[in-house]
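A.B. asks: Take a look at the following structure, please.
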Amino acid sequence: MLLPDRTVLASQLRRYRVWEDLVDAEPHDAARRRRLEDVAYTLCVLTGRRTAREAVIAAESFLARR
């Protein structure tokens, strides 16, 4: 099984959280929503998960392991 680079995964997880906060602040901003979807998609690809929530959980779990 291929494993993502920890640095890349951590960076993508941070980006996801930033965009999630930005969308929460302005939920009707279509550009922000699209950007969040793009970042979520990349996180899903890196973790091999189908949903953003699953990808976040998988990323957090993977990064917590040493």
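In the structure tokens, the first chain shown is A, the next is B, and so on; residue numbers restart at 1 for each chain, and ligands run from 1 in the order shown.
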Just the residues within 12 Å of A:Arg34, please, counting only C-alpha atoms, with nothing from its chain fewer than 4 positions along; format it as a list of chain:residue names.
C.D. replies: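 So the residues in contact are A:Tyr16, A:Trp19, A:Glu20, A:Leu22, A:Val23, A:Pro27, A:His28, A:Asp29, A:Ala30, A:Asp38, A:Val39, A:Ala40, A:Tyr41.
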A.B. asks: Which residues are close to A:Thr47, i.e. within 10 Å by only C-alpha atoms, leaving aside same-chain residues fewer than 4 positions away? Reply as a list in words.
C.D. replies: Leu2, Leu3, Pro4, Leu9, Tyr41, Thr42, Leu43, Ala52, Glu54, Ala55, Val56, Ile57, Ala58, Ala59 and Phe62 of chain A
A.B. asks: Among chain A, which residues does DSSP mark as alpha helix (DSSP H) when it is run on the backbone? Keep the chain and numbering as in the structure and answer as a PyMOL selection string.
C.D. replies: chain A and resi 6-25+30-47+52-64
